[in-house]
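Source file start_39.tsv; content: TSV, C-alpha atoms and all ligand atoms.
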chain	number	residue	atom	x	y	z
A	1	MET	CA	88.02	102.17	112.51
A	2	ASP	CA	88.60	105.74	111.43
A	3	SER	CA	90.04	105.62	107.90
A	4	SER	CA	92.93	107.97	108.75
A	5	ILE	CA	94.00	105.77	111.72
A	6	MET	CA	93.80	102.74	109.43
A	7	ARG	CA	95.90	104.51	106.78
A	8	VAL	CA	98.58	105.57	109.25
A	9	SER	CA	98.72	102.03	110.73
A	10	ILE	CA	99.14	100.46	107.28
A	11	PHE	CA	101.76	103.06	106.36
A	12	LEU	CA	103.79	102.44	109.56
A	13	SER	CA	103.55	98.66	109.12
A	14	VAL	CA	104.74	98.75	105.49
A	15	PHE	CA	107.49	101.22	106.38
A	16	ALA	CA	108.70	99.04	109.28
A	17	LEU	CA	108.69	95.95	107.05
A	18	MET	CA	110.57	97.65	104.20
A	19	ALA	CA	113.09	99.28	106.55
A	20	ALA	CA	113.73	95.90	108.22
A	21	LEU	CA	114.24	94.23	104.82
A	22	GLU	CA	116.75	96.84	103.63
A	23	LEU	CA	118.61	96.73	106.95
A	24	TRP	CA	118.83	92.95	106.73
A	25	LEU	CA	119.64	92.54	103.04
A	26	PRO	CA	120.68	95.89	101.54
A	27	ALA	CA	121.14	95.92	97.76
A	28	ARG	CA	123.48	98.90	97.66
A	29	LYS	CA	125.70	100.71	100.13
A	30	ALA	CA	124.60	104.27	101.04
A	31	PRO	CA	127.26	106.95	100.48
A	32	LEU	CA	126.17	108.86	103.63
A	33	PRO	CA	125.38	107.73	107.20
A	34	ARG	CA	121.75	106.67	107.47
A	35	PHE	CA	120.76	109.22	110.14
A	36	GLN	CA	121.80	112.18	107.92
A	37	ARG	CA	119.49	111.21	105.07
A	38	TRP	CA	116.71	109.86	107.24
A	39	ARG	CA	116.54	113.01	109.34
A	40	ALA	CA	115.99	115.14	106.23
A	41	ASN	CA	113.74	112.66	104.37
A	42	LEU	CA	111.46	112.12	107.37
A	43	GLY	CA	111.57	115.83	108.23
A	44	ILE	CA	110.34	116.86	104.78
A	45	LEU	CA	107.60	114.20	105.02
A	46	VAL	CA	106.26	115.79	108.21
A	47	ILE	CA	106.42	119.31	106.75
A	48	GLY	CA	104.64	118.10	103.58
A	49	ALA	CA	101.87	116.46	105.61
A	50	LEU	CA	101.38	119.64	107.67
A	51	ALA	CA	101.41	121.85	104.53
A	52	ALA	CA	98.76	119.65	102.94
A	53	ARG	CA	96.53	120.00	106.03
A	54	VAL	CA	96.90	123.79	106.08
A	55	VAL	CA	96.41	124.43	102.36
A	56	LEU	CA	93.65	121.91	101.76
A	57	PRO	CA	91.55	121.46	104.93
A	58	ALA	CA	89.39	118.84	103.20
A	59	THR	CA	90.94	115.43	102.65
A	60	LEU	CA	90.71	113.66	99.29
A	61	VAL	CA	88.18	111.30	100.85
A	62	GLY	CA	86.17	114.38	101.81
A	63	VAL	CA	86.30	115.58	98.19
A	64	ALA	CA	85.06	112.15	97.03
A	65	LEU	CA	82.20	112.17	99.58
A	66	TRP	CA	81.15	115.66	98.47
A	67	ALA	CA	81.19	114.55	94.80
A	68	GLU	CA	79.09	111.51	95.74
A	69	GLU	CA	76.48	113.63	97.57
A	70	SER	CA	76.36	116.29	94.85
A	71	GLY	CA	76.42	113.82	91.95
A	72	VAL	CA	79.53	115.42	90.48
A	73	GLY	CA	81.75	113.42	88.12
A	74	VAL	CA	81.34	111.19	85.07
A	75	LEU	CA	80.79	107.92	86.99
A	76	HIS	CA	78.02	109.49	89.10
A	77	TRP	CA	76.33	110.92	85.99
A	78	LEU	CA	76.47	107.51	84.35
A	79	GLY	CA	75.14	105.83	87.50
A	80	ALA	CA	77.83	103.17	87.18
A	81	PRO	CA	77.65	100.15	89.55
A	82	VAL	CA	79.81	100.54	92.68
A	83	VAL	CA	82.28	97.75	91.80
A	84	VAL	CA	82.85	99.20	88.32
A	85	SER	CA	83.21	102.73	89.74
A	86	VAL	CA	85.75	101.66	92.35
A	87	ILE	CA	87.94	99.65	89.93
A	88	LEU	CA	87.78	102.28	87.16
A	89	SER	CA	88.51	105.12	89.59
A	90	ILE	CA	91.59	103.37	91.03
A	91	LEU	CA	92.91	102.73	87.50
A	92	LEU	CA	92.24	106.31	86.35
A	93	LEU	CA	93.84	107.82	89.46
A	94	ASP	CA	96.92	105.65	88.94
A	95	LEU	CA	97.06	106.66	85.28
A	96	ALA	CA	96.77	110.33	86.30
A	97	ILE	CA	99.69	109.92	88.73
A	98	TYR	CA	101.78	108.32	85.98
A	99	TRP	CA	101.19	111.36	83.73
A	100	GLN	CA	101.66	113.77	86.61
A	101	HIS	CA	105.07	112.20	87.21
A	102	ARG	CA	105.99	112.59	83.52
A	103	LEU	CA	104.83	116.21	83.62
A	104	PHE	CA	107.00	116.93	86.67
A	105	HIS	CA	110.00	115.65	84.72
A	106	ARG	CA	109.13	117.51	81.50
A	107	VAL	CA	108.19	121.02	82.69
A	108	PRO	CA	111.28	122.86	84.05
A	109	ILE	CA	109.46	124.70	86.88
A	110	LEU	CA	107.90	121.44	88.06
A	111	TRP	CA	111.22	119.61	87.74
A	112	ARG	CA	112.68	122.16	90.22
A	113	LEU	CA	110.27	120.70	92.78
A	114	HIS	CA	110.56	117.05	91.77
A	115	LYS	CA	114.36	117.11	91.66
A	116	VAL	CA	114.34	117.31	95.47
A	117	HIS	CA	113.18	113.69	95.31
A	118	HIS	CA	115.83	112.75	92.73
A	119	ALA	CA	118.69	114.59	94.48
A	120	ASP	CA	118.80	111.86	97.13
A	121	SER	CA	122.25	110.28	96.79
A	122	HIS	CA	120.86	106.88	97.71
A	123	VAL	CA	117.51	105.20	97.18
A	124	ASP	CA	115.85	103.56	100.17
A	125	SER	CA	112.40	103.41	101.77
A	126	THR	CA	112.66	107.01	103.02
A	127	THR	CA	113.35	108.28	99.47
A	128	GLY	CA	109.79	107.19	98.73
A	129	LEU	CA	108.61	109.76	101.29
A	130	ARG	CA	110.92	112.58	100.24
A	131	PHE	CA	108.88	115.07	98.19
A	132	HIS	CA	108.95	118.84	98.40
A	133	PRO	CA	105.86	120.19	100.27
A	134	VAL	CA	104.88	122.28	97.20
A	135	GLU	CA	104.92	119.11	95.08
A	136	ILE	CA	102.77	117.37	97.71
A	137	VAL	CA	100.24	120.22	97.64
A	138	LEU	CA	100.17	120.43	93.81
A	139	SER	CA	99.71	116.68	93.63
A	140	LEU	CA	96.79	116.93	96.08
A	141	PHE	CA	95.04	119.46	93.84
A	142	ILE	CA	95.64	117.29	90.76
A	143	LYS	CA	94.27	114.21	92.54
A	144	GLY	CA	91.32	116.25	93.85
A	145	GLY	CA	90.59	117.42	90.29
A	146	VAL	CA	90.69	113.87	88.96
A	147	ILE	CA	88.37	112.68	91.76
A	148	LEU	CA	85.82	115.39	90.85
A	149	LEU	CA	86.12	114.76	87.11
A	150	VAL	CA	85.84	110.98	87.38
A	151	GLY	CA	83.38	110.98	90.28
A	152	ALA	CA	85.60	108.55	92.20
A	153	PRO	CA	83.87	106.90	95.19
A	154	ALA	CA	85.44	107.46	98.64
A	155	LEU	CA	86.30	103.75	98.89
A	156	ALA	CA	88.37	103.98	95.69
A	157	VAL	CA	90.21	107.03	97.03
A	158	ILE	CA	91.05	105.25	100.31
A	159	ILE	CA	92.32	102.14	98.48
A	160	PHE	CA	94.28	104.25	96.00
A	161	GLU	CA	95.95	106.44	98.64
A	162	VAL	CA	96.93	103.45	100.79
A	163	ALA	CA	98.24	101.56	97.75
A	164	LEU	CA	100.15	104.54	96.34
A	165	ASN	CA	101.87	105.09	99.66
A	166	ALA	CA	102.70	101.41	100.10
A	167	PHE	CA	103.99	101.09	96.52
A	168	SER	CA	106.17	104.19	96.92
A	169	LEU	CA	107.78	102.62	100.02
A	170	PHE	CA	108.02	99.23	98.26
A	171	ASN	CA	109.72	100.33	95.05
A	172	HIS	CA	112.21	102.64	96.76
A	173	THR	CA	113.33	99.99	99.28
A	174	ASN	CA	117.03	99.18	99.02
A	175	ILE	CA	116.65	95.47	98.29
A	176	ARG	CA	117.34	93.36	95.22
A	177	LEU	CA	115.36	90.36	94.05
A	178	PRO	CA	117.07	87.67	91.99
A	179	LEU	CA	116.97	88.96	88.39
A	180	LYS	CA	114.79	86.10	87.16
A	181	TRP	CA	112.15	86.92	89.80
A	182	ASP	CA	112.57	90.63	89.25
A	183	ASP	CA	111.82	90.17	85.54
A	184	ARG	CA	108.75	88.06	86.32
A	185	LEU	CA	107.39	90.52	88.85
A	186	ALA	CA	108.10	93.37	86.41
A	187	TYR	CA	105.29	92.11	84.15
A	188	LEU	CA	102.95	93.41	86.81
A	189	VAL	CA	104.66	95.99	89.04
A	190	ILE	CA	107.57	98.44	89.10
A	191	THR	CA	110.22	96.58	91.09
A	192	GLN	CA	113.02	98.14	93.16
A	193	ARG	CA	115.55	97.50	90.39
A	194	LEU	CA	113.29	99.11	87.75
A	195	HIS	CA	112.69	102.12	89.94
A	196	ARG	CA	116.42	102.57	90.61
A	197	ILE	CA	116.80	102.99	86.82
A	198	HIS	CA	114.41	105.97	87.21
A	199	HIS	CA	116.82	107.35	89.84
A	200	SER	CA	119.86	106.99	87.55
A	201	GLN	CA	122.01	110.07	86.93
A	202	HIS	CA	121.66	109.53	83.17
A	203	ALA	CA	118.78	111.61	81.81
A	204	ARG	CA	117.78	108.91	79.30
A	205	GLU	CA	117.31	106.47	82.14
A	206	THR	CA	115.68	108.95	84.53
A	207	ASN	CA	113.01	109.63	81.93
A	208	THR	CA	111.79	106.02	82.01
A	209	ASN	CA	109.89	103.77	84.46
A	210	PHE	CA	107.64	106.57	85.72
A	211	GLY	CA	105.04	104.21	87.19
A	212	PHE	CA	104.63	104.04	90.94
A	213	SER	CA	102.72	100.78	91.04
A	214	VAL	CA	101.94	98.74	87.93
A	215	SER	CA	104.38	98.60	85.02
A	216	TRP	CA	101.57	98.68	82.40
A	217	TRP	CA	101.49	102.43	81.96
A	218	ASP	CA	105.21	102.58	81.11
A	219	ARG	CA	104.80	99.71	78.65
A	220	LEU	CA	101.70	101.30	77.12
A	221	PHE	CA	103.15	104.81	76.79
A	222	ASN	CA	106.62	103.77	75.68
A	223	SER	CA	108.63	104.72	78.76
A	224	TYR	CA	109.45	101.23	79.98
A	225	ARG	CA	113.14	100.40	80.39
A	226	PRO	CA	113.93	96.90	81.69
A	227	ARG	CA	117.73	97.34	81.78
A	228	ALA	CA	120.08	100.24	82.56
A	229	ARG	CA	123.41	100.77	80.84
A	230	GLN	CA	125.21	99.90	84.06
A	231	SER	CA	124.45	96.98	86.32
A	232	ASP	CA	122.18	97.57	89.30
A	233	GLU	CA	125.25	97.37	91.58
A	234	GLU	CA	127.16	100.07	89.68
A	235	LEU	CA	124.29	102.35	88.65
A	236	ASP	CA	125.07	106.03	89.38
A	237	ILE	CA	122.17	107.24	91.51
A	238	GLY	CA	120.99	110.78	92.24
A	239	LEU	CA	121.78	114.03	90.44
A	240	ARG	CA	125.31	114.98	89.39
A	241	GLU	CA	124.80	118.58	90.56
A	242	PHE	CA	124.00	117.35	94.08
A	243	PRO	CA	126.88	115.08	95.14
A	244	ALA	CA	126.54	112.99	98.29
A	245	THR	CA	127.69	115.54	100.87
A	246	SER	CA	126.24	116.11	104.32
A	247	SER	CA	125.29	119.71	103.39
A	248	ASN	CA	123.27	118.46	100.40
A	249	ALA	CA	121.45	116.08	102.75
A	250	ARG	CA	120.25	118.81	105.12
A	251	LEU	CA	116.54	119.43	105.50
A	252	SER	CA	116.99	123.19	104.92
A	253	ARG	CA	118.83	122.37	101.66
A	254	LEU	CA	115.96	120.16	100.50
A	255	LEU	CA	113.38	122.84	101.27
A	256	THR	CA	115.26	125.63	99.46
A	257	MET	CA	116.50	123.51	96.53
A	258	PRO	CA	113.71	124.47	94.09
A	259	PHE	CA	114.33	128.18	94.63
A	260	THR	CA	118.12	128.26	94.33
A	261	ARG	CA	120.51	127.87	91.44
A	262	SER	CA	122.29	124.55	91.48
B	1	ZN	ZN	110.79	111.08	89.05

Could you write out this file's structure as structure tokens?
Ligand SMILES: [Zn+2]
Amino acid sequence: MDSSIMRVSIFLSVFALMAALELWLPARKAPLPRFQRWRANLGILVIGALAARVVLPATLVGVALWAEESGVGVLHWLGAPVVVSVILSILLLDLAIYWQHRLFHRVPILWRLHKVHHADSHVDSTTGLRFHPVEIVLSLFIKGGVILLVGAPALAVIIFEVALNAFSLFNHTNIRLPLKWDDRLAYLVITQRLHRIHHSQHARETNTNFGFSVSWWDRLFNSYRPRARQSDEELDIGLREFPATSSNARLSRLLTMPFTRS
């Protein structure tokens, strides 16, 4: 099967599963009607995907295949065995995304882009798809650079992209595991509760739990926060300067947000 058809099928399946779970057992109540947020969050996803196609005609898998053929990248120079290359590449790409996320919080001009994601007044599966098209394109170039530097095999890039997408849907889903299970799972991955702490309105909490998949990077680089000041039920989500109004949930508002004063 064509890898892009496979990726879209996996994405739609995970999205359907997560959306069903949060419809059935929602952890928190959304302050706005679902259709208002979903229209904008899914709209910006489509625009981001189109922008990525226009700006970078080659896919990341294409970049990896070119690197493989041309012998570009550390793992190709070293002639590392395939299994080692794939595992190492997935880990290094995930680590790069962790640091990219921290960078987008730290550098003011990048935060202007990333705050579109954080300005969502509620966190659900579609929040995991809500990124400004410029952030999507920048992230593509960063990932492309890492693939060339590392010499990541195409297989690693496919696995990483599918996993990153699935994890983003997973940890934004509006569900809540029993705390005991949440704590156990948190040894390995960033759970929904942990990621909601990252979406807290309190800067000290927002600047923690940056991981998209595994929780190791946050533990290793001192950004792990297992508990928020408020309970998960009461946690103030979003950005104070963007209250939950229907005008703040418009697609045009999301697109212009980085370029306007808040
Ligand atoms: Zn963030």

Taking only residues of range 38-148 of chain A that have an atom at most 9 Å from an atom of range 165-169 of chain A, what is each one's shortest atom pair and its distance in Å to one decimal, using only C-alpha atoms, in chain and number order, as a tab-separated table?
residue	atom	partner	partner_atom	distance
A:Asp124	CA	A:Leu169	CA	8.1
A:Ser125	CA	A:Leu169	CA	5.0
A:Thr126	CA	A:Leu169	CA	7.2
A:Thr127	CA	A:Leu169	CA	8.0
A:Gly128	CA	A:Ser168	CA	5.0
A:Leu129	CA	A:Leu169	CA	7.3

Atoms to include: C-alpha atoms. Write the selected residues as an mmCIF file, in the coordinates of the input.
data_model
loop_
_atom_site.group_PDB
_atom_site.id
_atom_site.type_symbol
_atom_site.label_atom_id
_atom_site.label_comp_id
_atom_site.auth_asym_id
_atom_site.auth_seq_id
_atom_site.Cartn_x
_atom_site.Cartn_y
_atom_site.Cartn_z
ATOM 1 C CA ASP A 124 115.850 103.560 100.170
ATOM 2 C CA SER A 125 112.400 103.410 101.770
ATOM 3 C CA THR A 126 112.660 107.010 103.020
ATOM 4 C CA THR A 127 113.350 108.280 99.470
ATOM 5 C CA GLY A 128 109.790 107.190 98.730
ATOM 6 C CA LEU A 129 108.610 109.760 101.290
#

Tell me which protein, DNA and RNA residues are within 10 Å of Ser252 in chain A, counting all atoms listed in the file, leaving out same-chain ones fewer than 4 positions away, and put them as a list of chain:residue names. A:Ala40, A:Gly43, A:Ile44, A:Ser247, A:Asn248, A:Thr256, A:Met257

Neighbourhood of ligand ZN 1 (chain B) at 9 Å, counting all atoms listed in the file, reported as JSON, numbers by chain: {"A": [101, 102, 104, 105, 111, 114, 115, 117, 118, 198, 199, 206, 207, 208, 209, 210]}

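Between CA of Leu78 in chain A and CA of Leu148 in chain A lies a distance of 13.8 Å.
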
Would you kindly return, as a PyMOL selection string, each protein, DNA or RNA residue with an atom no farther than 7 Å from any atom of Ala119 in chain A, considering all atoms listed in the file and excluding same-chain residues fewer than 5 positions away? chain A and resi 238-239+242

Determine, counting all atoms listed in the file, which protein, DNA and RNA residues have an atom within 10 Å of an atom of Leu140 in chain A; residues of the same chain fewer than 2 positions away are not included. Present the result as a VMD selection string. chain A and resid 52 55 to 56 59 to 60 134 to 138 142 to 146

I want to know what sits within 10 Å of Ala249 in chain A, based on all atoms listed in the file, with residues of the same chain fewer than 5 positions away left out; could you give that as an MDAnalysis selection string? chainID A and resid 32 36:41 119:121 242:244 254

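For the pair CA of Thr245 in chain A and CA of Gln230 in chain A, the interatomic distance is 23.1 Å.
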
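The residue that comes closest to Ala49 in chain A, out of A:Leu235, A:Gly151, A:Val8, A:Leu164 and on the basis of only C-alpha atoms, is A:Val8.
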
Distance query 12 Å from (111.4, 94.4, 108.2) using all atoms listed in the file, result as JSON, numbers by chain: {"A": [12, 13, 14, 15, 16, 17, 18, 19, 20, 21, 22, 23, 24, 25, 26, 125, 170, 173, 174, 175]}
